[in-house]
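Participant: Hey, dropping model.pdb in here, PDB, C-alpha atoms:
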```pdb
MODEL        1
ATOM      1  CA  MET A   1      13.758   7.362 157.103  1.00  0.00           C
ATOM      2  CA  PHE A   2      15.352   5.977 153.963  1.00  0.00           C
ATOM      3  CA  TYR A   3      15.891   7.857 150.713  1.00  0.00           C
ATOM      4  CA  GLU A   4      14.564   6.046 147.674  1.00  0.00           C
ATOM      5  CA  GLY A   5      16.903   6.260 144.709  1.00  0.00           C
ATOM      6  CA  ASN A   6      20.618   6.444 144.093  1.00  0.00           C
ATOM      7  CA  VAL A   7      22.650   8.447 146.603  1.00  0.00           C
ATOM      8  CA  LEU A   8      25.948   9.555 145.080  1.00  0.00           C
ATOM      9  CA  GLU A   9      29.076  11.027 146.649  1.00  0.00           C
ATOM     10  CA  ALA A  10      30.180  14.376 145.212  1.00  0.00           C
ATOM     11  CA  SER A  11      32.217  17.471 146.052  1.00  0.00           C
ATOM     12  CA  PHE A  12      30.545  20.793 146.798  1.00  0.00           C
ATOM     13  CA  VAL A  13      31.472  23.708 144.512  1.00  0.00           C
ATOM     14  CA  HIS A  14      29.210  26.743 144.986  1.00  0.00           C
ATOM     15  CA  ARG A  15      25.720  27.809 146.019  1.00  0.00           C
ATOM     16  CA  ASP A  16      24.253  29.978 143.285  1.00  0.00           C
ATOM     17  CA  ASN A  17      21.084  30.957 145.182  1.00  0.00           C
ATOM     18  CA  ARG A  18      18.720  29.646 147.850  1.00  0.00           C
ATOM     19  CA  PHE A  19      17.590  26.726 145.736  1.00  0.00           C
ATOM     20  CA  ILE A  20      20.441  25.874 143.358  1.00  0.00           C
ATOM     21  CA  ALA A  21      24.059  24.849 143.890  1.00  0.00           C
ATOM     22  CA  ARG A  22      26.815  23.282 141.859  1.00  0.00           C
ATOM     23  CA  CYS A  23      28.663  20.105 142.774  1.00  0.00           C
ATOM     24  CA  LEU A  24      31.418  18.048 141.185  1.00  0.00           C
ATOM     25  CA  LEU A  25      30.112  14.563 140.417  1.00  0.00           C
ATOM     26  CA  GLY A  26      32.355  12.053 138.661  1.00  0.00           C
ATOM     27  CA  GLY A  27      34.603  14.845 137.458  1.00  0.00           C
ATOM     28  CA  LYS A  28      31.710  16.791 135.954  1.00  0.00           C
ATOM     29  CA  GLU A  29      30.046  19.890 137.418  1.00  0.00           C
ATOM     30  CA  VAL A  30      26.284  19.435 137.867  1.00  0.00           C
ATOM     31  CA  LEU A  31      23.469  21.684 139.043  1.00  0.00           C
ATOM     32  CA  VAL A  32      21.680  20.420 142.149  1.00  0.00           C
ATOM     33  CA  HIS A  33      18.581  21.404 144.102  1.00  0.00           C
ATOM     34  CA  VAL A  34      19.233  22.605 147.665  1.00  0.00           C
ATOM     35  CA  PRO A  35      16.283  21.408 149.803  1.00  0.00           C
ATOM     36  CA  ASN A  36      17.121  23.855 152.580  1.00  0.00           C
ATOM     37  CA  THR A  37      16.579  27.622 152.341  1.00  0.00           C
ATOM     38  CA  GLY A  38      18.625  28.343 155.481  1.00  0.00           C
ATOM     39  CA  ARG A  39      21.925  30.171 155.212  1.00  0.00           C
ATOM     40  CA  CYS A  40      24.092  27.065 155.866  1.00  0.00           C
ATOM     41  CA  GLN A  41      27.173  29.234 155.349  1.00  0.00           C
ATOM     42  CA  GLU A  42      29.310  27.146 157.679  1.00  0.00           C
ATOM     43  CA  LEU A  43      28.379  23.967 155.770  1.00  0.00           C
ATOM     44  CA  LEU A  44      28.312  24.799 152.070  1.00  0.00           C
ATOM     45  CA  ILE A  45      32.045  25.152 151.601  1.00  0.00           C
ATOM     46  CA  LYS A  46      33.916  24.454 148.399  1.00  0.00           C
ATOM     47  CA  GLY A  47      35.575  21.050 148.349  1.00  0.00           C
ATOM     48  CA  GLU A  48      33.503  19.466 151.115  1.00  0.00           C
ATOM     49  CA  ARG A  49      32.312  15.917 150.526  1.00  0.00           C
ATOM     50  CA  CYS A  50      28.566  15.830 149.986  1.00  0.00           C
ATOM     51  CA  TYR A  51      25.818  13.433 148.915  1.00  0.00           C
ATOM     52  CA  LEU A  52      23.293  13.833 146.125  1.00  0.00           C
ATOM     53  CA  LEU A  53      19.973  12.051 145.701  1.00  0.00           C
ATOM     54  CA  GLU A  54      19.347  11.237 142.049  1.00  0.00           C
ATOM     55  CA  SER A  55      15.830  11.901 140.787  1.00  0.00           C
ATOM     56  CA  GLN A  56      14.082   9.707 138.223  1.00  0.00           C
ATOM     57  CA  ASN A  57      11.616  12.469 137.321  1.00  0.00           C
ATOM     58  CA  PRO A  58      12.435  13.641 133.776  1.00  0.00           C
ATOM     59  CA  LYS A  59      10.435  16.859 134.292  1.00  0.00           C
ATOM     60  CA  ARG A  60      12.700  18.170 137.039  1.00  0.00           C
ATOM     61  CA  LYS A  61      14.981  21.077 136.214  1.00  0.00           C
ATOM     62  CA  THR A  62      17.760  19.510 138.286  1.00  0.00           C
ATOM     63  CA  LYS A  63      18.501  15.800 138.341  1.00  0.00           C
ATOM     64  CA  TYR A  64      19.983  15.818 141.837  1.00  0.00           C
ATOM     65  CA  SER A  65      19.176  17.072 145.340  1.00  0.00           C
ATOM     66  CA  LEU A  66      21.841  17.892 147.917  1.00  0.00           C
ATOM     67  CA  ILE A  67      20.777  15.918 150.992  1.00  0.00           C
ATOM     68  CA  ALA A  68      23.894  15.724 153.185  1.00  0.00           C
ATOM     69  CA  ILE A  69      27.328  17.271 153.581  1.00  0.00           C
ATOM     70  CA  ASN A  70      30.419  16.569 155.630  1.00  0.00           C
ATOM     71  CA  LYS A  71      31.653  19.010 158.272  1.00  0.00           C
ATOM     72  CA  ALA A  72      34.876  18.124 160.099  1.00  0.00           C
ATOM     73  CA  GLY A  73      34.109  14.416 159.904  1.00  0.00           C
ATOM     74  CA  ARG A  74      30.448  14.755 160.905  1.00  0.00           C
ATOM     75  CA  LEU A  75      27.727  14.095 158.347  1.00  0.00           C
ATOM     76  CA  ILE A  76      24.896  16.651 158.459  1.00  0.00           C
ATOM     77  CA  ASN A  77      21.564  16.103 156.742  1.00  0.00           C
ATOM     78  CA  LEU A  78      20.398  19.189 154.812  1.00  0.00           C
ATOM     79  CA  ASP A  79      16.901  18.097 153.822  1.00  0.00           C
ATOM     80  CA  SER A  80      14.455  20.546 155.427  1.00  0.00           C
ATOM     81  CA  GLY A  81      11.610  18.101 154.783  1.00  0.00           C
ATOM     82  CA  ALA A  82      13.221  15.369 156.855  1.00  0.00           C
ATOM     83  CA  PRO A  83      12.465  16.613 160.424  1.00  0.00           C
ATOM     84  CA  ASN A  84       8.679  16.497 159.989  1.00  0.00           C
ATOM     85  CA  LYS A  85       8.865  13.063 158.387  1.00  0.00           C
ATOM     86  CA  LEU A  86      11.031  11.785 161.238  1.00  0.00           C
ATOM     87  CA  VAL A  87       8.723  13.149 163.926  1.00  0.00           C
ATOM     88  CA  ARG A  88       5.649  11.770 162.202  1.00  0.00           C
ATOM     89  CA  GLU A  89       7.301   8.376 161.766  1.00  0.00           C
ATOM     90  CA  ALA A  90       8.386   8.242 165.404  1.00  0.00           C
ATOM     91  CA  GLY A  91       5.078   9.628 166.674  1.00  0.00           C
ATOM     92  CA  LEU A  92       2.989   7.059 164.821  1.00  0.00           C
ATOM     93  CA  ALA A  93       5.293   4.320 166.105  1.00  0.00           C
ATOM     94  CA  GLY A  94       4.683   5.444 169.691  1.00  0.00           C
ATOM     95  CA  LYS A  95       8.319   6.469 170.190  1.00  0.00           C
ATOM     96  CA  ILE A  96       7.540  10.037 171.267  1.00  0.00           C
ATOM     97  CA  PRO A  97       5.954   9.769 174.722  1.00  0.00           C
ATOM     98  CA  PHE A  98       4.056  13.072 174.597  1.00  0.00           C
ATOM     99  CA  MET A  99       2.351  12.283 171.256  1.00  0.00           C
ATOM    100  CA  ASP A 100      -0.798  10.203 170.823  1.00  0.00           C
ATOM    101  CA  PRO A 101      -0.297   8.070 167.679  1.00  0.00           C
ATOM    102  CA  ALA A 102      -3.990   7.180 167.417  1.00  0.00           C
ATOM    103  CA  SER A 103      -5.127  10.789 166.930  1.00  0.00           C
ATOM    104  CA  LEU A 104      -2.051  12.348 165.319  1.00  0.00           C
ATOM    105  CA  LYS A 105      -2.785  14.678 162.372  1.00  0.00           C
ATOM    106  CA  SER A 106      -0.415  16.618 160.123  1.00  0.00           C
ATOM    107  CA  GLU A 107      -0.596  20.204 158.824  1.00  0.00           C
ATOM    108  CA  VAL A 108      -3.186  21.609 161.225  1.00  0.00           C
ATOM    109  CA  THR A 109      -4.460  25.182 160.910  1.00  0.00           C
ATOM    110  CA  PHE A 110      -4.497  27.150 164.142  1.00  0.00           C
ATOM    111  CA  GLY A 111      -5.026  30.894 164.342  1.00  0.00           C
ATOM    112  CA  HIS A 112      -3.001  32.584 161.629  1.00  0.00           C
ATOM    113  CA  SER A 113      -0.554  29.715 161.242  1.00  0.00           C
ATOM    114  CA  ARG A 114      -0.378  26.165 160.028  1.00  0.00           C
ATOM    115  CA  LEU A 115       1.217  24.021 162.716  1.00  0.00           C
ATOM    116  CA  ASP A 116       2.970  20.778 161.894  1.00  0.00           C
ATOM    117  CA  PHE A 117       0.968  18.316 164.007  1.00  0.00           C
ATOM    118  CA  ALA A 118      -1.864  17.962 166.469  1.00  0.00           C
ATOM    119  CA  ASP A 119      -3.390  15.141 168.457  1.00  0.00           C
ATOM    120  CA  LYS A 120      -6.480  15.107 170.667  1.00  0.00           C
ATOM    121  CA  ASP A 121      -4.748  17.031 173.447  1.00  0.00           C
ATOM    122  CA  SER A 122      -1.797  18.899 171.963  1.00  0.00           C
ATOM    123  CA  TYR A 123      -0.331  20.983 169.160  1.00  0.00           C
ATOM    124  CA  PHE A 124       3.204  20.449 167.877  1.00  0.00           C
ATOM    125  CA  GLU A 125       5.674  22.466 165.834  1.00  0.00           C
ATOM    126  CA  VAL A 126       8.916  21.018 164.450  1.00  0.00           C
ATOM    127  CA  LYS A 127      12.123  22.886 163.585  1.00  0.00           C
ATOM    128  CA  GLY A 128      15.100  21.409 161.782  1.00  0.00           C
ATOM    129  CA  VAL A 129      18.562  22.322 163.077  1.00  0.00           C
ATOM    130  CA  THR A 130      21.787  22.234 161.030  1.00  0.00           C
ATOM    131  CA  LEU A 131      23.815  24.871 162.897  1.00  0.00           C
ATOM    132  CA  GLU A 132      26.556  23.474 165.151  1.00  0.00           C
ATOM    133  CA  ARG A 133      29.730  24.737 166.805  1.00  0.00           C
ATOM    134  CA  LYS A 134      31.879  22.960 169.405  1.00  0.00           C
ATOM    135  CA  ASN A 135      29.158  20.286 169.787  1.00  0.00           C
ATOM    136  CA  LEU A 136      26.547  22.950 170.548  1.00  0.00           C
ATOM    137  CA  ALA A 137      23.528  22.936 168.235  1.00  0.00           C
ATOM    138  CA  ALA A 138      21.535  26.141 167.843  1.00  0.00           C
ATOM    139  CA  PHE A 139      18.479  27.537 166.083  1.00  0.00           C
ATOM    140  CA  PRO A 140      17.987  29.677 164.069  1.00  0.00           C
ATOM    141  CA  ASP A 141      20.866  30.432 161.696  1.00  0.00           C
ATOM    142  CA  ALA A 142      19.055  33.579 160.495  1.00  0.00           C
ATOM    143  CA  VAL A 143      16.324  35.816 161.907  1.00  0.00           C
ATOM    144  CA  THR A 144      12.977  34.003 161.733  1.00  0.00           C
ATOM    145  CA  GLU A 145       9.814  35.987 162.329  1.00  0.00           C
ATOM    146  CA  ARG A 146       7.847  32.920 161.250  1.00  0.00           C
ATOM    147  CA  GLY A 147       9.492  30.798 163.962  1.00  0.00           C
ATOM    148  CA  ALA A 148       8.566  33.298 166.677  1.00  0.00           C
ATOM    149  CA  ARG A 149       5.008  33.477 165.350  1.00  0.00           C
ATOM    150  CA  HIS A 150       4.672  29.693 165.586  1.00  0.00           C
ATOM    151  CA  ILE A 151       5.710  29.842 169.243  1.00  0.00           C
ATOM    152  CA  GLN A 152       3.119  32.545 169.879  1.00  0.00           C
ATOM    153  CA  GLU A 153       0.444  30.354 168.285  1.00  0.00           C
ATOM    154  CA  LEU A 154       1.474  27.455 170.546  1.00  0.00           C
ATOM    155  CA  VAL A 155       1.076  29.753 173.554  1.00  0.00           C
ATOM    156  CA  ARG A 156      -2.419  30.695 172.351  1.00  0.00           C
ATOM    157  CA  ALA A 157      -3.249  27.003 172.162  1.00  0.00           C
ATOM    158  CA  MET A 158      -2.158  26.615 175.788  1.00  0.00           C
ATOM    159  CA  ASP A 159      -4.308  29.616 176.726  1.00  0.00           C
ATOM    160  CA  MET A 160      -7.256  27.670 175.275  1.00  0.00           C
ATOM    161  CA  GLY A 161      -6.525  24.688 177.507  1.00  0.00           C
ATOM    162  CA  LYS A 162      -4.448  22.614 175.084  1.00  0.00           C
ATOM    163  CA  LYS A 163      -0.919  21.333 175.578  1.00  0.00           C
ATOM    164  CA  ALA A 164       1.789  22.458 173.186  1.00  0.00           C
ATOM    165  CA  HIS A 165       5.250  21.226 172.248  1.00  0.00           C
ATOM    166  CA  LEU A 166       8.126  22.541 170.157  1.00  0.00           C
ATOM    167  CA  ILE A 167      10.467  19.874 168.806  1.00  0.00           C
ATOM    168  CA  PHE A 168      13.943  20.699 167.503  1.00  0.00           C
ATOM    169  CA  VAL A 169      15.321  17.977 165.235  1.00  0.00           C
ATOM    170  CA  ILE A 170      19.115  18.299 165.101  1.00  0.00           C
ATOM    171  CA  GLN A 171      20.061  16.795 161.748  1.00  0.00           C
ATOM    172  CA  MET A 172      23.350  15.285 162.907  1.00  0.00           C
ATOM    173  CA  GLU A 173      24.694  13.037 165.652  1.00  0.00           C
ATOM    174  CA  GLY A 174      26.945  13.652 168.609  1.00  0.00           C
ATOM    175  CA  VAL A 175      26.022  17.135 169.845  1.00  0.00           C
ATOM    176  CA  ASP A 176      26.121  17.732 173.601  1.00  0.00           C
ATOM    177  CA  LEU A 177      23.666  20.589 174.002  1.00  0.00           C
ATOM    178  CA  PHE A 178      20.998  22.621 172.234  1.00  0.00           C
ATOM    179  CA  SER A 179      20.288  26.315 172.739  1.00  0.00           C
ATOM    180  CA  PRO A 180      18.220  28.973 170.962  1.00  0.00           C
ATOM    181  CA  ASN A 181      20.597  31.236 169.038  1.00  0.00           C
ATOM    182  CA  GLN A 182      20.100  34.403 171.055  1.00  0.00           C
ATOM    183  CA  ALA A 183      22.922  36.276 169.331  1.00  0.00           C
ATOM    184  CA  MET A 184      21.346  35.724 165.906  1.00  0.00           C
ATOM    185  CA  ASP A 185      17.691  36.256 166.831  1.00  0.00           C
ATOM    186  CA  PRO A 186      17.103  37.743 170.307  1.00  0.00           C
ATOM    187  CA  PHE A 187      13.345  38.013 169.777  1.00  0.00           C
ATOM    188  CA  PHE A 188      13.001  34.315 168.934  1.00  0.00           C
ATOM    189  CA  ALA A 189      15.054  33.361 172.003  1.00  0.00           C
ATOM    190  CA  GLN A 190      13.033  35.651 174.258  1.00  0.00           C
ATOM    191  CA  THR A 191       9.725  34.396 172.853  1.00  0.00           C
ATOM    192  CA  LEU A 192      10.827  30.807 173.436  1.00  0.00           C
ATOM    193  CA  GLU A 193      11.936  31.475 177.022  1.00  0.00           C
ATOM    194  CA  GLU A 194       8.665  33.231 177.873  1.00  0.00           C
ATOM    195  CA  ALA A 195       6.677  30.364 176.335  1.00  0.00           C
ATOM    196  CA  MET A 196       8.625  27.799 178.344  1.00  0.00           C
ATOM    197  CA  ASP A 197       7.806  29.730 181.507  1.00  0.00           C
ATOM    198  CA  LYS A 198       4.121  29.391 180.555  1.00  0.00           C
ATOM    199  CA  GLY A 199       4.412  25.620 180.146  1.00  0.00           C
ATOM    200  CA  LEU A 200       5.470  25.041 176.537  1.00  0.00           C
ATOM    201  CA  GLY A 201       7.148  21.664 176.189  1.00  0.00           C
ATOM    202  CA  VAL A 202      10.457  22.058 174.366  1.00  0.00           C
ATOM    203  CA  HIS A 203      12.428  19.035 173.198  1.00  0.00           C
ATOM    204  CA  ALA A 204      15.574  18.468 171.138  1.00  0.00           C
ATOM    205  CA  TYR A 205      16.575  15.229 169.431  1.00  0.00           C
ATOM    206  CA  ASP A 206      19.721  14.469 167.489  1.00  0.00           C
ATOM    207  CA  CYS A 207      19.763  12.052 164.540  1.00  0.00           C
ATOM    208  CA  ARG A 208      21.783   9.149 163.208  1.00  0.00           C
ATOM    209  CA  VAL A 209      22.775  10.181 159.702  1.00  0.00           C
ATOM    210  CA  SER A 210      24.272   8.203 156.846  1.00  0.00           C
ATOM    211  CA  PRO A 211      24.378   9.133 153.137  1.00  0.00           C
ATOM    212  CA  GLY A 212      21.057   7.455 152.323  1.00  0.00           C
ATOM    213  CA  GLU A 213      19.124   7.583 155.580  1.00  0.00           C
ATOM    214  CA  ILE A 214      18.382   9.555 158.732  1.00  0.00           C
ATOM    215  CA  HIS A 215      16.741   8.415 161.967  1.00  0.00           C
ATOM    216  CA  LEU A 216      15.678  10.181 165.164  1.00  0.00           C
ATOM    217  CA  ASN A 217      18.179   9.171 167.828  1.00  0.00           C
ATOM    218  CA  ARG A 218      18.216  10.567 171.373  1.00  0.00           C
ATOM    219  CA  GLN A 219      17.078  13.557 173.363  1.00  0.00           C
ATOM    220  CA  VAL A 220      19.645  16.325 173.778  1.00  0.00           C
ATOM    221  CA  PRO A 221      19.766  18.627 176.838  1.00  0.00           C
ATOM    222  CA  ILE A 222      18.472  22.176 176.316  1.00  0.00           C
ATOM    223  CA  GLN A 223      20.062  25.229 177.906  1.00  0.00           C
ATOM    224  CA  LEU A 224      18.930  28.806 177.453  1.00  0.00           C
ATOM    225  CA  GLY A 225      21.229  31.766 177.158  1.00  0.00           C
ATOM    226  CA  VAL A 226      24.300  30.021 175.734  1.00  0.00           C
ATOM    227  CA  ASP A 227      26.478  32.261 173.551  1.00  0.00           C
ATOM    228  CA  PHE A 228      26.804  30.221 170.371  1.00  0.00           C
ATOM    229  CA  TYR A 229      29.668  32.338 169.064  1.00  0.00           C
ATOM    230  CA  ALA A 230      31.764  32.415 172.262  1.00  0.00           C
TER
ENDMDL
END
```
Render the structure in this file as structure tokens.
Facilitator:
Amino acid sequence: MFYEGNVLEASFVHRDNRFIARCLLGGKEVLVHVPNTGRCQELLIKGERCYLLESQNPKRKTKYSLIAINKAGRLINLDSGAPNKLVREAGLAGKIPFMDPASLKSEVTFGHSRLDFADKDSYFEVKGVTLERKNLAAFPDAVTERGARHIQELVRAMDMGKKAHLIFVIQMEGVDLFSPNQAMDPFFAQTLEEAMDKGLGVHAYDCRVSPGEIHLNRQVPIQLGVDFYA
């Protein structure tokens, strides 16, 4: 996935709210859109090198979007819209073995939720991951009732005879392991473990990230019950 438009290096200053932050660009402080409503507290640190995508839309309130930031030498993509685009791109290209590219559909309503994808046999939900510590990636970085509900909907799909998969897209490269963040959200972790016992397919992929692009890379091992904060 390539970003269309100018990608500019800047320095992070402060996050004003969920959607707006300030960065130092060319010696001038600018307001930027944050395309990620997660907490990202360990990433959005004053002085960190970051990358802004310049918009050509004159109607936008902010001219720039914060799409990536440096953390201890590792570049992390912050665009919450990227994981679905990456999975769709890889699925249609036949690079995800458990997806049927010929029948793949996006934004499919099931039960009380809208799931990310479906094909003739399966339902799929995608979660972006930006939380990392000691090469361990984890999800979520805040309590997510919506995430647990999506897993429950996938289980209902399996009860109806369908297959179901949950895909974690780790928006960085070089992590060794993925685990649900049990310390942050015990209910999500428990719901995931119970769903896996019932046959839910759970997969984690890391990504190759550069300032102006991001690509699905390799599968990462999954281990339950890891203490992210240990």
Participant: Given the file shown, determine the residues that the PyMOL selection byres ((chain A and resi 149-156) around 12) selects; report them as a PyMOL selection string.
Facilitator: chain A and resi 108-118+122-127+144-148+157-167+187-202
Participant: Which residue is closest to A:Leu224? Choose from A:Ile45, A:Leu131, A:Val13, A:Ala183 and count only C-alpha atoms.
Facilitator: A:Ala183
Participant: Around the point (17.8, 6.2, 147.0), in the coordinates given by the file, pick out the residues reaching within 12 Å, counting all atoms listed in the file, and return them as a list in words.
Facilitator: Met1, Phe2, Tyr3, Glu4, Gly5, Asn6, Val7, Leu8, Tyr51, Leu52, Leu53, Glu54, Ser55, Gln56, Tyr64, Ser65, Ile67, Ser210, Pro211, Gly212 and Glu213 of chain A
Participant: Evaluate the PyMOL selection byres ((chain A and resi 90-102) around 9) against this structure - the residues, as number ranges by chain, please.
Facilitator: A: 85-89, 103-105, 118-122, 124, 165, 216
Participant: Considering only C-alpha atoms, return as a ChimeraX atom specification whatever protein or nucleic-acid residues lie within 12 Å of A:Asn17, sequence-local ones (same chain, fewer than 5 positions apart) excluded.
Facilitator: /A:22,31-41,44
Participant: Go ahead and save the picked residues with C-alpha atoms, as a CSV table (one decimal), keeping the file's coordinate frame.
Facilitator:
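Ended up saving to result.csv:
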```csv
chain,number,residue,atom,x,y,z
A,22,ARG,CA,26.8,23.3,141.9
A,31,LEU,CA,23.5,21.7,139.0
A,32,VAL,CA,21.7,20.4,142.1
A,33,HIS,CA,18.6,21.4,144.1
A,34,VAL,CA,19.2,22.6,147.7
A,35,PRO,CA,16.3,21.4,149.8
A,36,ASN,CA,17.1,23.9,152.6
A,37,THR,CA,16.6,27.6,152.3
A,38,GLY,CA,18.6,28.3,155.5
A,39,ARG,CA,21.9,30.2,155.2
A,40,CYS,CA,24.1,27.1,155.9
A,41,GLN,CA,27.2,29.2,155.3
A,44,LEU,CA,28.3,24.8,152.1
```
Participant: To one decimal in Å, tell me the separation between atom CA of A:Asn77 and atom CA of A:Ile214.
Facilitator: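 So the answer is 7.5 Å.
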Participant: With all atoms listed in the file as the atoms that count, which of A:Ala68, A:His14, A:Lys59, A:Arg218 lies nearest to A:Gly47?
Facilitator: A:His14
Participant: Can you report as lines of an AutoDock Vina configuration file the centre and edge lengths in Å, to one decimal, of an axis-aligned box around the listed atoms of stretch 80-84 of chain A padded with 5 Å on each side?
Facilitator:
```
center_x = 11.6
center_y = 18.0
center_z = 157.6
size_x = 15.8
size_y = 15.2
size_z = 15.6
```
Participant: May I ask which of the residues A:Gln171, A:Asn57, A:Asn217, A:Gln223 is the closest one to A:Leu75, counting only C-alpha atoms?
Facilitator: A:Gln171
Participant: Pick out the closest residue to A:Pro221 from this set: A:Val143, A:Ala137, A:Ala10, A:Leu24. Count all atoms listed in the file.
Facilitator: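 Looking at the shortest contact to A:Pro221, the residue is A:Ala137.
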Participant: So how far away is atom CA of A:Lys63 from atom CA of A:Leu25, in Å?
Facilitator: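 So the answer is 11.9 Å.
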Participant: Might you spell out which residues the PyMOL selection byres ((chain A and resi 132) around 10) would select in the displayed file, as a list in words?
Facilitator: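 Selected by the PyMOL selection byres ((chain A and resi 132) around 10) in this file: Glu42, Leu43, Lys71, Ile76, Val129, Thr130, Leu131, Arg133, Lys134, Asn135, Leu136, Ala137, Ala138, Phe139, Asp141, Ile170, Gln171, Met172, Val175, Leu177, Phe178 and Phe228 of chain A.
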Participant: From the options A:Glu173, A:Glu48, A:Asp16, A:Glu107, which residue's atoms come nearest to A:Tyr205, counting all atoms listed in the file?
Facilitator: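 Among the listed residues, the smallest separation from A:Tyr205 belongs to A:Glu173.
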